[in-house]
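Asker: Below is the file coords-v9.cif, with mmCIF, C-alpha atoms.
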data_my_file
loop_
_atom_site.label_atom_id
_atom_site.label_comp_id
_atom_site.auth_asym_id
_atom_site.auth_seq_id
_atom_site.Cartn_x
_atom_site.Cartn_y
_atom_site.Cartn_z
CA MET A 11 -24.01 18.08 -21.29
CA ASP A 12 -20.68 16.28 -21.03
CA VAL A 13 -20.51 12.59 -20.09
CA TRP A 14 -17.71 10.84 -18.21
CA TYR A 15 -17.17 7.07 -17.88
CA HIS A 16 -16.34 5.85 -14.39
CA ASN A 17 -15.11 2.34 -13.58
CA GLU A 18 -13.59 1.84 -10.13
CA ASN A 19 -12.02 -1.48 -11.19
CA PRO A 20 -13.53 -3.56 -8.37
CA TYR A 21 -12.38 -7.02 -7.37
CA PRO A 22 -15.52 -9.06 -6.58
CA PHE A 23 -13.92 -12.50 -6.73
CA VAL A 24 -13.27 -13.06 -3.02
CA PRO A 25 -15.17 -16.18 -1.88
CA GLN A 26 -18.44 -15.32 -0.16
CA GLU A 27 -17.57 -17.40 2.90
CA VAL A 28 -14.46 -15.22 3.36
CA LEU A 29 -16.51 -12.04 3.07
CA ASP A 30 -19.04 -13.37 5.58
CA ARG A 31 -16.27 -13.90 8.13
CA ALA A 32 -14.44 -10.64 7.45
CA ASP A 33 -15.07 -7.60 9.62
CA SER A 34 -14.93 -5.39 6.52
CA VAL A 35 -14.30 -5.50 2.78
CA ARG A 36 -11.94 -2.54 3.00
CA ALA A 37 -8.85 -1.86 5.08
CA SER A 38 -8.59 -5.19 6.91
CA LEU A 39 -9.35 -7.87 4.31
CA PRO A 40 -6.02 -9.73 3.69
CA ASN A 41 -4.62 -9.17 0.21
CA LYS A 42 -3.89 -12.89 -0.12
CA TYR A 43 -7.41 -13.05 -1.52
CA CYS A 44 -6.43 -10.83 -4.46
CA ASP A 45 -4.99 -12.94 -7.28
CA PRO A 46 -2.54 -10.69 -9.21
CA HIS A 47 -3.28 -12.58 -12.43
CA ILE A 48 -6.97 -11.77 -12.16
CA ALA A 49 -6.10 -8.21 -11.15
CA ALA A 50 -3.94 -7.83 -14.27
CA ASP A 51 -6.84 -8.97 -16.46
CA LEU A 52 -9.13 -6.46 -14.75
CA PHE A 53 -6.70 -3.58 -15.26
CA HIS A 54 -6.35 -4.39 -18.96
CA GLU A 55 -10.12 -4.66 -19.39
CA VAL A 56 -10.72 -1.30 -17.71
CA PHE A 57 -8.10 0.42 -19.85
CA ASP A 58 -9.67 -1.15 -22.94
CA GLU A 59 -13.00 0.33 -21.85
CA PHE A 60 -11.36 3.73 -21.42
CA MET A 61 -9.87 3.45 -24.90
CA LEU A 62 -13.30 2.54 -26.28
CA CYS A 63 -14.64 5.69 -24.63
CA ASP A 64 -11.90 7.67 -26.36
CA ASP A 65 -13.17 6.30 -29.69
CA GLN A 66 -16.81 6.96 -28.79
CA GLY A 67 -16.39 10.49 -27.44
CA ILE A 68 -17.08 9.77 -23.76
CA ASN A 69 -14.70 11.39 -21.27
CA VAL A 70 -13.03 9.17 -18.65
CA VAL A 71 -12.52 9.24 -14.89
CA ALA A 72 -9.58 7.99 -12.84
CA ILE A 73 -10.34 7.50 -9.15
CA GLU A 74 -8.46 6.31 -6.06
CA HIS A 75 -9.36 4.00 -3.16
CA HIS A 76 -7.25 1.85 -0.91
CA ALA A 77 -7.06 -1.66 0.54
CA GLY A 78 -10.33 -3.17 -0.51
CA ILE A 79 -12.44 -5.03 -3.02
CA ASN A 80 -14.36 -2.00 -4.25
CA SER A 81 -11.41 -0.62 -6.25
CA LEU A 82 -7.94 -1.67 -7.36
CA PHE A 83 -7.04 1.92 -8.26
CA GLY A 84 -4.81 2.72 -5.28
CA ALA A 85 -2.33 4.86 -7.23
CA ASN A 86 -4.23 7.61 -9.03
CA PRO A 87 -1.18 9.42 -10.53
CA LEU A 88 -0.06 6.19 -12.22
CA ILE A 89 -3.49 5.56 -13.73
CA LEU A 90 -3.70 9.21 -14.75
CA GLY A 91 -0.36 9.07 -16.56
CA ILE A 92 -1.39 6.00 -18.53
CA LEU A 93 -4.65 7.64 -19.60
CA ALA A 94 -2.87 10.88 -20.51
CA ARG A 95 -0.66 9.00 -22.97
CA GLN A 96 -3.02 6.34 -24.31
CA THR A 97 -6.14 8.42 -24.93
CA ARG A 98 -6.10 11.02 -27.68
CA LYS A 99 -9.36 12.98 -27.74
CA VAL A 100 -11.44 12.86 -24.56
CA ARG A 101 -10.93 14.73 -21.33
CA ILE A 102 -9.63 12.94 -18.23
CA LEU A 103 -10.98 13.65 -14.76
CA SER A 104 -8.79 12.72 -11.83
CA MET A 105 -11.24 12.13 -8.98
CA GLY A 106 -8.87 11.82 -7.48
CA THR A 107 -5.74 11.90 -5.46
CA LEU A 108 -6.75 11.88 -1.79
CA ILE A 109 -5.18 15.23 -1.18
CA SER A 110 -5.48 15.50 2.61
CA LEU A 111 -3.72 12.15 3.02
CA ARG A 112 -0.64 13.06 1.00
CA PRO A 113 2.19 14.64 3.01
CA ASP A 114 3.30 16.99 0.21
CA PRO A 115 0.66 18.73 -1.95
CA VAL A 116 3.46 20.19 -4.09
CA ARG A 117 4.27 16.70 -5.34
CA VAL A 118 0.58 16.28 -6.21
CA ALA A 119 0.72 19.54 -8.20
CA GLU A 120 3.75 18.20 -10.09
CA GLU A 121 1.88 15.00 -10.92
CA TYR A 122 -1.15 16.92 -12.18
CA ALA A 123 0.91 19.36 -14.23
CA THR A 124 2.82 16.49 -15.82
CA ALA A 125 -0.39 14.65 -16.74
CA ASP A 126 -1.88 17.84 -18.17
CA VAL A 127 1.17 18.35 -20.37
CA ILE A 128 1.30 14.72 -21.53
CA SER A 129 -2.40 14.88 -22.46
CA ARG A 130 -1.90 18.29 -24.13
CA GLY A 131 -4.42 20.01 -21.93
CA ARG A 132 -7.14 17.38 -21.44
CA LEU A 133 -7.02 17.11 -17.64
CA ASP A 134 -9.69 18.04 -15.09
CA ILE A 135 -8.62 17.90 -11.44
CA GLY A 136 -11.08 16.53 -8.89
CA PHE A 137 -10.46 16.75 -5.15
CA VAL A 138 -12.04 14.20 -2.82
CA LYS A 139 -12.40 14.39 0.95
CA SER A 140 -10.98 11.34 2.67
CA GLY A 141 -12.40 9.39 5.55
CA ALA A 142 -13.06 6.06 7.20
CA SER A 143 -10.68 3.30 6.03
CA GLU A 144 -8.72 5.68 3.79
CA MET A 145 -7.30 7.28 6.94
CA ALA A 146 -6.06 3.97 8.28
CA SER A 147 -4.67 2.85 4.93
CA ASN A 148 -2.65 6.05 4.56
CA ASN A 149 -1.53 6.34 8.20
CA ALA A 150 -3.30 9.70 8.38
CA ASN A 151 -4.75 11.62 11.30
CA PRO A 152 -8.47 12.34 10.84
CA VAL A 153 -8.34 15.35 13.14
CA ASN A 154 -8.35 18.58 11.10
CA ASN A 155 -8.81 16.59 7.91
CA ILE A 156 -11.11 19.25 6.44
CA GLU A 157 -8.62 22.02 7.22
CA ARG A 158 -5.86 20.04 5.52
CA TYR A 159 -8.15 19.42 2.55
CA TRP A 160 -8.73 23.12 1.80
CA GLU A 161 -5.17 24.17 2.54
CA ALA A 162 -3.83 21.43 0.27
CA ILE A 163 -6.13 22.61 -2.54
CA ASP A 164 -4.88 26.18 -2.05
CA LEU A 165 -1.25 25.05 -2.18
CA VAL A 166 -1.81 22.86 -5.27
CA THR A 167 -3.58 25.72 -7.02
CA LYS A 168 -0.82 28.21 -6.25
CA ALA A 169 1.86 25.73 -7.34
CA LEU A 170 0.05 25.23 -10.66
CA THR A 171 -0.38 28.94 -11.33
CA SER A 172 2.85 30.48 -10.03
CA GLN A 173 5.30 31.19 -12.86
CA GLU A 174 7.71 33.77 -11.45
CA GLY A 175 10.19 31.55 -9.69
CA PRO A 176 10.22 29.88 -6.26
CA PHE A 177 7.76 30.83 -3.55
CA SER A 178 7.50 29.58 0.03
CA TRP A 179 4.41 28.28 1.79
CA GLU A 180 4.04 28.63 5.53
CA GLY A 181 0.57 27.26 6.31
CA LYS A 182 -1.11 25.74 9.33
CA HIS A 183 -0.65 22.18 8.13
CA TYR A 184 1.90 22.38 5.30
CA THR A 185 5.28 24.05 5.06
CA HIS A 186 7.28 24.18 1.85
CA ARG A 187 10.18 26.59 1.49
CA HIS A 188 10.86 26.21 -2.23
CA VAL A 189 7.97 25.70 -4.66
CA ASN A 190 8.76 25.95 -8.37
CA ILE A 191 7.22 23.07 -10.31
CA TRP A 192 8.40 21.99 -13.77
CA PRO A 193 6.66 21.61 -16.12
CA ARG A 194 3.88 24.09 -15.56
CA PRO A 195 0.45 22.85 -16.72
CA TRP A 196 -0.65 23.06 -20.34
CA GLN A 197 -3.95 24.74 -19.43
CA GLN A 198 -3.76 28.27 -18.10
CA PRO A 199 -4.07 29.34 -15.39
CA HIS A 200 -4.70 25.72 -14.39
CA PRO A 201 -6.92 22.76 -15.35
CA PRO A 202 -10.58 22.95 -14.28
CA LEU A 203 -11.07 22.13 -10.59
CA TRP A 204 -13.79 19.83 -9.23
CA ALA A 205 -14.71 18.77 -5.70
CA ALA A 206 -16.66 15.63 -4.83
CA THR A 207 -18.83 16.36 -1.83
CA GLY A 208 -22.43 16.03 -0.78
CA ASP A 209 -22.82 17.79 2.54
CA PRO A 210 -24.15 21.37 2.35
CA GLU A 211 -21.30 22.87 4.38
CA THR A 212 -18.61 21.67 2.02
CA ALA A 213 -20.75 22.38 -1.03
CA SER A 214 -21.00 25.99 0.16
CA GLU A 215 -17.22 26.32 0.18
CA VAL A 216 -17.02 24.67 -3.24
CA GLY A 217 -19.47 27.29 -4.48
CA ARG A 218 -17.50 30.20 -3.05
CA ARG A 219 -14.42 28.87 -4.79
CA GLY A 220 -16.20 28.45 -8.14
CA MET A 221 -15.29 24.77 -8.51
CA VAL A 222 -17.41 22.14 -10.22
CA ASN A 223 -19.44 20.31 -7.56
CA VAL A 224 -19.85 16.61 -8.31
CA LEU A 225 -22.27 14.54 -6.25
CA VAL A 226 -22.02 10.75 -6.21
CA LEU A 227 -25.21 8.70 -5.76
CA ARG A 228 -26.90 11.38 -3.65
CA GLY A 229 -30.37 11.08 -5.09
CA GLU A 230 -32.83 13.91 -5.61
CA GLU A 231 -33.10 15.37 -2.11
CA GLY A 232 -29.40 15.20 -1.23
CA THR A 233 -28.48 16.73 -4.56
CA LYS A 234 -30.94 19.59 -4.23
CA ARG A 235 -29.73 20.38 -0.70
CA ALA A 236 -26.08 20.48 -1.69
CA TRP A 237 -26.58 22.57 -4.81
CA ALA A 238 -28.91 24.97 -3.01
CA ALA A 239 -26.15 25.52 -0.44
CA TYR A 240 -23.65 26.03 -3.28
CA ARG A 241 -25.81 28.73 -4.91
CA GLN A 242 -26.74 30.41 -1.62
CA ALA A 243 -23.08 30.66 -0.58
CA ARG A 244 -22.24 32.44 -3.81
CA THR A 245 -25.14 34.84 -3.40
CA GLU A 246 -24.15 35.66 0.19
CA ALA A 247 -20.57 36.23 -0.92
CA GLY A 248 -21.70 38.63 -3.66
CA LEU A 249 -20.48 36.31 -6.40
CA PRO A 250 -22.26 35.91 -9.75
CA LYS A 251 -24.50 32.95 -10.44
CA VAL A 252 -22.92 30.04 -12.28
CA ALA A 253 -24.24 27.94 -15.13
CA THR A 254 -25.22 24.30 -14.95
CA ASP A 255 -21.78 23.24 -16.19
CA TYR A 256 -20.57 23.87 -12.62
CA PHE A 257 -22.67 20.94 -11.43
CA ALA A 258 -22.02 17.23 -12.02
CA TYR A 259 -23.93 14.14 -10.98
CA ALA A 260 -22.56 10.60 -10.76
CA ALA A 261 -24.96 7.67 -11.05
CA LEU A 262 -24.96 4.01 -12.02
CA VAL A 263 -25.82 3.91 -15.74
CA TYR A 264 -26.41 1.06 -18.16
CA VAL A 265 -28.06 0.92 -21.59
CA GLY A 266 -29.30 -2.30 -23.18
CA ASP A 267 -31.05 -3.04 -26.46
CA THR A 268 -34.33 -3.29 -24.57
CA HIS A 269 -35.52 -1.84 -21.30
CA GLU A 270 -35.60 -5.29 -19.73
CA GLU A 271 -32.05 -6.10 -20.83
CA GLY A 272 -30.75 -2.75 -19.58
CA VAL A 273 -32.29 -3.24 -16.15
CA GLU A 274 -31.19 -6.87 -15.90
CA ILE A 275 -27.55 -6.15 -16.69
CA GLY A 276 -27.55 -2.72 -15.05
CA SER A 277 -28.70 -4.22 -11.76
CA LYS A 278 -25.22 -5.75 -11.49
CA LEU A 279 -23.96 -2.23 -10.80
CA LEU A 280 -25.67 -2.34 -7.41
CA TRP A 281 -22.96 -4.73 -6.21
CA PHE A 282 -20.99 -1.81 -4.79
CA LEU A 283 -23.90 -0.53 -2.72
CA ASN A 284 -24.96 -3.95 -1.52
CA THR A 285 -21.37 -4.67 -0.46
CA SER A 286 -21.05 -1.41 1.45
CA ILE A 287 -22.70 -2.82 4.57
CA LYS A 288 -19.26 -4.19 5.40
CA MET A 289 -17.37 -1.11 4.24
CA ALA A 290 -15.10 -0.91 7.29
CA PRO A 291 -17.62 0.40 9.86
CA GLN A 292 -14.98 0.10 12.57
CA TYR A 293 -13.08 2.92 10.85
CA ALA A 294 -16.11 5.17 10.38
CA GLN A 295 -17.92 5.29 13.72
CA PHE A 296 -17.40 8.74 15.22
CA LEU A 297 -14.20 9.26 13.28
CA PRO A 298 -12.87 12.68 14.40
CA GLY A 299 -12.97 15.22 11.61
CA ALA A 300 -14.99 13.03 9.24
CA ALA A 301 -18.18 15.04 9.61
CA PRO A 302 -19.32 18.34 11.15
CA PRO A 303 -20.02 18.05 14.92
CA HIS A 304 -23.78 18.56 14.53
CA PHE A 305 -23.95 15.32 12.52
CA ALA A 306 -22.87 13.24 15.54
CA PRO A 307 -26.42 12.32 16.71
CA GLN A 308 -27.36 11.23 13.19
CA VAL A 309 -24.18 9.12 12.94
CA TYR A 310 -25.14 7.37 16.16
CA ARG A 311 -28.68 6.66 14.96
CA THR A 312 -27.66 5.33 11.53
CA THR A 313 -24.49 3.39 12.37
CA PRO A 314 -25.30 -0.25 11.50
CA LYS A 315 -25.25 -2.98 14.11
CA PRO A 316 -22.80 -5.88 13.63
CA ASN A 317 -25.65 -8.07 12.40
CA ALA A 318 -27.08 -5.38 10.11
CA ARG A 319 -26.49 -7.56 7.04
CA ALA A 320 -28.70 -10.31 8.38
CA GLU A 321 -31.36 -7.87 9.56
CA GLY A 322 -31.36 -6.14 6.17
CA GLU A 323 -31.83 -9.41 4.35
CA ALA A 324 -34.63 -10.47 6.65
CA GLY A 325 -36.37 -7.12 6.80
CA GLY A 326 -36.08 -6.00 3.20
CA ASN A 327 -35.41 -2.30 2.67
CA ARG A 328 -37.55 -0.76 5.38
CA ALA A 329 -34.61 0.96 7.08
CA GLY A 330 -33.23 2.26 3.81
CA SER A 331 -36.55 3.67 2.66
CA ALA A 332 -37.25 5.17 6.06
CA ASN A 333 -34.01 7.13 5.94
CA ALA A 334 -34.35 8.09 2.29
CA GLU A 335 -35.51 11.67 2.82
CA LYS A 336 -33.68 12.43 6.08
CA PRO A 337 -30.34 14.27 6.31
CA VAL A 338 -27.61 11.68 6.60
CA ALA A 339 -24.10 12.28 7.80
CA PRO A 340 -21.74 12.14 4.82
CA ALA A 341 -19.45 9.51 6.31
CA ILE A 342 -22.18 6.88 6.51
CA LEU A 343 -24.50 7.69 3.61
CA ASN A 344 -24.02 4.43 1.73
CA VAL A 345 -24.30 2.25 4.80
CA GLY A 346 -27.27 4.12 6.22
CA GLY A 347 -29.44 4.46 3.17
CA LEU A 348 -28.33 2.52 0.11
CA THR A 349 -27.43 -1.03 1.13
CA SER A 350 -29.68 -3.92 0.13
CA ILE A 351 -31.38 -1.67 -2.41
CA ASN A 352 -33.04 -3.24 -5.44
CA PRO A 353 -33.07 -1.91 -9.03
CA ALA A 354 -36.58 -0.42 -8.84
CA GLN A 355 -35.74 1.47 -5.65
CA ALA A 356 -32.41 2.64 -7.03
CA MET A 357 -34.06 3.93 -10.20
CA LYS A 358 -36.76 5.70 -8.20
CA ARG A 359 -34.14 7.43 -6.05
CA GLY A 360 -32.12 8.58 -9.04
CA ILE A 361 -28.98 6.58 -8.37
CA LEU A 362 -29.49 4.07 -11.19
CA PHE A 363 -30.41 4.96 -14.77
CA ALA A 364 -30.98 1.67 -16.60
CA GLY A 365 -33.02 0.40 -19.52
CA SER A 366 -33.22 1.00 -23.26
CA PRO A 367 -31.67 4.11 -24.84
CA ASP A 368 -35.02 5.93 -24.73
CA THR A 369 -35.87 5.02 -21.13
CA VAL A 370 -32.36 5.85 -19.88
CA TYR A 371 -32.45 9.22 -21.61
CA GLN A 372 -35.86 9.92 -20.07
CA GLN A 373 -34.67 8.90 -16.59
CA ILE A 374 -31.68 11.22 -16.86
CA MET A 375 -33.80 14.12 -18.05
CA ASP A 376 -36.42 13.54 -15.33
CA PHE A 377 -33.68 13.72 -12.71
CA TYR A 378 -32.14 16.72 -14.46
CA GLY A 379 -35.41 18.61 -14.14
CA LYS A 380 -35.97 17.65 -10.51
CA VAL A 381 -32.57 18.89 -9.29
CA GLY A 382 -32.38 22.08 -11.35
CA GLY A 383 -30.04 20.87 -14.09
CA PHE A 384 -26.40 19.83 -14.35
CA GLY A 385 -23.77 20.01 -17.05
CA HIS A 386 -21.90 16.75 -16.43
CA LEU A 387 -23.09 13.17 -16.07
CA VAL A 388 -20.56 10.76 -14.58
CA MET A 389 -21.75 7.32 -15.61
CA ILE A 390 -20.57 4.51 -13.35
CA GLY A 391 -20.78 1.91 -16.07
CA ARG A 392 -19.23 -1.23 -14.59
CA SER A 393 -19.09 -2.75 -11.13
CA GLY A 394 -19.28 -6.09 -9.40
CA PHE A 395 -19.75 -9.11 -11.65
CA MET A 396 -20.63 -7.20 -14.79
CA THR A 397 -18.45 -8.57 -17.57
CA HIS A 398 -16.11 -6.61 -19.81
CA ALA A 399 -18.26 -7.54 -22.83
CA GLU A 400 -21.40 -6.26 -21.11
CA ALA A 401 -19.67 -3.03 -20.15
CA GLU A 402 -18.46 -2.41 -23.69
CA MET A 403 -21.90 -3.13 -25.12
CA GLY A 404 -23.41 -0.59 -22.72
CA ILE A 405 -20.79 2.02 -23.63
CA LYS A 406 -21.42 1.61 -27.36
CA LEU A 407 -25.20 1.79 -27.03
CA PHE A 408 -24.98 4.83 -24.77
CA ALA A 409 -22.58 6.60 -27.13
CA LYS A 410 -24.73 5.87 -30.18
CA GLU A 411 -28.24 6.44 -28.83
CA VAL A 412 -28.05 8.62 -25.69
CA LEU A 413 -24.90 10.75 -25.86
CA PRO A 414 -25.91 12.77 -28.96
CA ARG A 415 -29.14 13.85 -27.25
CA LEU A 416 -27.35 14.86 -24.05
CA LYS A 417 -24.77 16.82 -26.03
CA GLU A 418 -27.56 19.07 -27.27
CA ILE A 419 -28.26 20.32 -23.72
CA ALA A 420 -26.44 23.66 -23.42
CA PRO A 421 -25.42 25.22 -20.08
CA VAL A 422 -27.93 27.60 -18.54
CA ILE A 423 -27.72 29.81 -15.46
CA ALA A 424 -28.61 27.64 -12.49
CA GLY A 425 -30.94 28.84 -9.75
#
Just give me the structure as structure tokens.

Answerer:
Amino acid sequence: MDVWYHNENPYPFVPQEVLDRADSVRASLPNKYCDPHIAADLFHEVFDEFMLCDDQGINVVAIEHHAGINSLFGANPLILGILARQTRKVRILSMGTLISLRPDPVRVAEEYATADVISRGRLDIGFVKSGASEMASNNANPVNNIERYWEAIDLVTKALTSQEGPFSWEGKHYTHRHVNIWPRPWQQPHPPLWAATGDPETASEVGRRGMVNVLVLRGEEGTKRAWAAYRQARTEAGLPKVATDYFAYAALVYVGDTHEEGVEIGSKLLWFLNTSIKMAPQYAQFLPGAAPPHFAPQVYRTTPKPNARAEGEAGGNRAGSANAEKPVAPAILNVGGLTSINPAQAMKRGILFAGSPDTVYQQIMDFYGKVGGFGHLVMIGRSGFMTHAEAEMGIKLFAKEVLPRLKEIAPVIAG
């Protein structure tokens, strides 16, 4: 099993009274509350953590979000280029440029090819569907977003693999009369392709395309549904079964010296989920193209009320636990089922692996067995008010005590 370190570089230092008044923590929160001096410190700390991972043999992940406190990584190609040059050994996963929001996928292909060459072939390319506040932040039309997503992937893939001179692309959503990128990628025919998705429909298409399917904080039932759809789609298409290295799972992960220490510090990772109740709901309600039409009734039932934060605090986690095993529309998963969650609940659901090296390893392997296996663990190792020192301690302990055991798990045919 391969392991990847994920740090979204959040900015949690906005005063609570400001957050309480704000209609969301993404898209509309004024950037006057982001101190560039603090932001600079955070960027340097995250890159130091990535460099530590390079020393420890843990791969790294560069992500992209826009206009909010959950992540300062708004320019994925820039982050990717820095990692391609500064790291020396580990692989780099771009997860990723929001492909359906960019007007020219050919430029994205150029950025990826350049990063792959600079890193001498250590790049993995992850595609992420966009939605909610990302649409507003990028002045994008949500209608036909899924169509643009797949067409953009097709155009990027052809641009990366075509070597016989210019070709033209006349698609439904993109037109490019002269495609001939320089340099071509180091890896041939192209770097490995991933797709981050959790709904069965998209997972089916990921399976037909033979891409790595990465699920983020989906828990046992959501993960099993998506990967079952992935495998079934391949069977129906007459394609061969794939091994577990085509499946990746992203969870909050922290290792301490003792189980109690690991849980205490690791619980800080829940900041992202417990902040998501104000994750721009005004941009997510019934957003055209954000989810398949048959999800509309579920969106209506699980869209939080304006005072959902107060109700959640007063009522504990009854709503979250009640929705835990029900299908949830992808656009509102975090808001509908994971806010106000505590460490014990998060660990039970398989979205937090925290404790001592032995207990974390056992939690990972228990989840591995329940979902049918996976070949990649994306460890979200820092969020919220976790300090840089705490993050580095967790990385070192994981690399020393847990990583060697996971590395022994070889890919097997899945399903």

Asker: Kindly resolve the PyMOL selection byres ((chain A and resi 232-244) around 7) on the present coordinates and return the residues as a list in words.

Answerer: Gly208, Asp209, Pro210, Ala213, Ser214, Val216, Gly217, Arg218, Leu225, Arg228, Gly229, Glu230, Glu231, Thr245, Glu246, Ala247, Gly248, Leu249, Pro250 and Val381 of chain A

Asker: Using CA of Glu120 (chain A) and CA of Asn190 (chain A) as the two end points, give the distance in Å to one decimal.

Answerer: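 Atom-to-atom, CA of Glu120 (chain A) and CA of Asn190 (chain A) are spaced 9.4 Å apart.
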
Asker: What's the 10 Å shell around His183 (chain A), counting only C-alpha atoms, without same-chain residues fewer than 5 positions away, as a PyMOL selection string?

Answerer: chain A and resi 110+113+154-155+157-159+161-162

Asker: Select, from A:Ala32, A:Leu103, A:Ala37, A:Leu416, the residue with the minimum atom-to-atom distance to His75 (chain A), counting all atoms listed in the file.

Answerer: A:Ala37

Asker: Record the distance separating CA of Met145 (chain A) and CA of Leu111 (chain A), expressed in Å with one decimal.

Answerer: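 Between CA of Met145 (chain A) and CA of Leu111 (chain A) the gap is 7.2 Å.
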
Asker: Starting from the PyMOL selection byres ((chain A and resi 201) around 9), expand the selection into actual residues of this file and give them as JSON, numbers by chain.

Answerer: {"A": [122, 123, 126, 131, 132, 133, 134, 135, 170, 195, 196, 197, 198, 199, 200, 202, 203]}

Asker: Using only C-alpha atoms, which of the listed residues (A:Gly383, A:Phe377, A:Ser34, A:Leu165) sits closest to Arg117 (chain A)?

Answerer: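 Selected residue with least distance to Arg117 (chain A): A:Leu165.
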
Asker: Just want the 12 Å neighbourhood of Arg98 (chain A), counted on all atoms listed in the file, with same-chain residues fewer than 4 positions away dropped. Output as an MDAnalysis selection string.

Answerer: chainID A and resid 60:70 92:94 102 128:133

Asker: Taking the file as I've supplied it (selection: the PyMOL selection byres ((chain A and resi 408) around 10)), which residues are included? Please answer as a PDB file with C-alpha atoms, keeping the file's coordinate frame.

Answerer:
ATOM      1  CA  GLN A  66     -16.810   6.960 -28.790  1.00  0.00           C
ATOM      2  CA  ILE A  68     -17.080   9.770 -23.760  1.00  0.00           C
ATOM      3  CA  VAL A 263     -25.820   3.910 -15.740  1.00  0.00           C
ATOM      4  CA  TYR A 264     -26.410   1.060 -18.160  1.00  0.00           C
ATOM      5  CA  VAL A 265     -28.060   0.920 -21.590  1.00  0.00           C
ATOM      6  CA  GLY A 266     -29.300  -2.300 -23.180  1.00  0.00           C
ATOM      7  CA  SER A 366     -33.220   1.000 -23.260  1.00  0.00           C
ATOM      8  CA  PRO A 367     -31.670   4.110 -24.840  1.00  0.00           C
ATOM      9  CA  VAL A 370     -32.360   5.850 -19.880  1.00  0.00           C
ATOM     10  CA  TYR A 371     -32.450   9.220 -21.610  1.00  0.00           C
ATOM     11  CA  GLU A 402     -18.460  -2.410 -23.690  1.00  0.00           C
ATOM     12  CA  MET A 403     -21.900  -3.130 -25.120  1.00  0.00           C
ATOM     13  CA  GLY A 404     -23.410  -0.590 -22.720  1.00  0.00           C
ATOM     14  CA  ILE A 405     -20.790   2.020 -23.630  1.00  0.00           C
ATOM     15  CA  LYS A 406     -21.420   1.610 -27.360  1.00  0.00           C
ATOM     16  CA  LEU A 407     -25.200   1.790 -27.030  1.00  0.00           C
ATOM     17  CA  ALA A 409     -22.580   6.600 -27.130  1.00  0.00           C
ATOM     18  CA  LYS A 410     -24.730   5.870 -30.180  1.00  0.00           C
ATOM     19  CA  GLU A 411     -28.240   6.440 -28.830  1.00  0.00           C
ATOM     20  CA  VAL A 412     -28.050   8.620 -25.690  1.00  0.00           C
ATOM     21  CA  LEU A 413     -24.900  10.750 -25.860  1.00  0.00           C
ATOM     22  CA  PRO A 414     -25.910  12.770 -28.960  1.00  0.00           C
TER      23      PRO A 414
END

Asker: Using all atoms listed in the file for the distances, tell me which of A:Phe363, A:Phe83, A:Trp179, A:Tyr43 is nearest to Ile275 (chain A).

Answerer: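 Nearest candidate to Ile275 (chain A) out of A:Phe363, A:Phe83, A:Trp179, A:Tyr43: A:Phe363.
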
Asker: Between region 34-63 of chain A and region 385-401 of chain A, at 10 Å or less, what are the per-residue closest atom pairs and their distances in Å? Count only C-alpha atoms, order by chain and rising residue number, and return it as a Markdown table.

Answerer:
| residue | atom | partner | partner_atom | distance |
| --- | --- | --- | --- | --- |
| A:Leu52 | CA | A:His398 | CA | 8.6 |
| A:Glu55 | CA | A:His398 | CA | 6.3 |
| A:Val56 | CA | A:His398 | CA | 7.9 |
| A:Asp58 | CA | A:His398 | CA | 9.0 |
| A:Glu59 | CA | A:Ala401 | CA | 7.7 |

Asker: So that I have them on file, write out the residues from the current selection with C-alpha atoms, as a JSON list (two decimals), keeping the file's coordinate frame.

Answerer:
[["chain", "number", "residue", "atom", "x", "y", "z"],
["A", 52, "LEU", "CA", -9.13, -6.46, -14.75],
["A", 55, "GLU", "CA", -10.12, -4.66, -19.39],
["A", 56, "VAL", "CA", -10.72, -1.30, -17.71],
["A", 58, "ASP", "CA", -9.67, -1.15, -22.94],
["A", 59, "GLU", "CA", -13.00, 0.33, -21.85]]

Asker: Could you work out how far CA of His54 (chain A) lies from CA of Trp204 (chain A), giving the answer in Å with one decimal?

Answerer: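 Here the two named atoms are 27.1 Å from each other.
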
Asker: Compare A:Ala142, A:Leu90, A:Ile163, A:Ala261 by their minimum atom-to-atom distance to Arg112 (chain A), counting only C-alpha atoms, and give me the closest one.

Answerer: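 Answer, going by the shortest atom-to-atom distance: A:Ile163.
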
Asker: Which is closer to Asn17 (chain A) than all the others in A:Val35, A:Ala50, A:Val222, A:Ala260, using only C-alpha atoms?

Answerer: A:Ala260

Asker: Between A:Val28, A:Leu279, A:Val138, A:Val252, which residue has the minimum interatomic distance to Ile73 (chain A), considering all atoms listed in the file?

Answerer: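 Smallest distance to Ile73 (chain A) is found for A:Val138.
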
Asker: With all atoms listed in the file as the counted atoms, please give the residues lying no more than 9 Å from His76 (chain A), apart from itself and same-chain residues fewer than 6 positions off, as a VMD selection string.

Answerer: chain A and resid 36 to 37 82 to 85 143 to 144 147 to 148

Asker: Keeping only C-alpha atoms, write those residues as an mmCIF file, in the frame of the given file.

Answerer:
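Written out: part27.cif:
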data_model
loop_
_atom_site.group_PDB
_atom_site.id
_atom_site.type_symbol
_atom_site.label_atom_id
_atom_site.label_comp_id
_atom_site.auth_asym_id
_atom_site.auth_seq_id
_atom_site.Cartn_x
_atom_site.Cartn_y
_atom_site.Cartn_z
ATOM 1 C CA ARG A 36 -11.940 -2.540 3.000
ATOM 2 C CA ALA A 37 -8.850 -1.860 5.080
ATOM 3 C CA LEU A 82 -7.940 -1.670 -7.360
ATOM 4 C CA PHE A 83 -7.040 1.920 -8.260
ATOM 5 C CA GLY A 84 -4.810 2.720 -5.280
ATOM 6 C CA ALA A 85 -2.330 4.860 -7.230
ATOM 7 C CA SER A 143 -10.680 3.300 6.030
ATOM 8 C CA GLU A 144 -8.720 5.680 3.790
ATOM 9 C CA SER A 147 -4.670 2.850 4.930
ATOM 10 C CA ASN A 148 -2.650 6.050 4.560
#
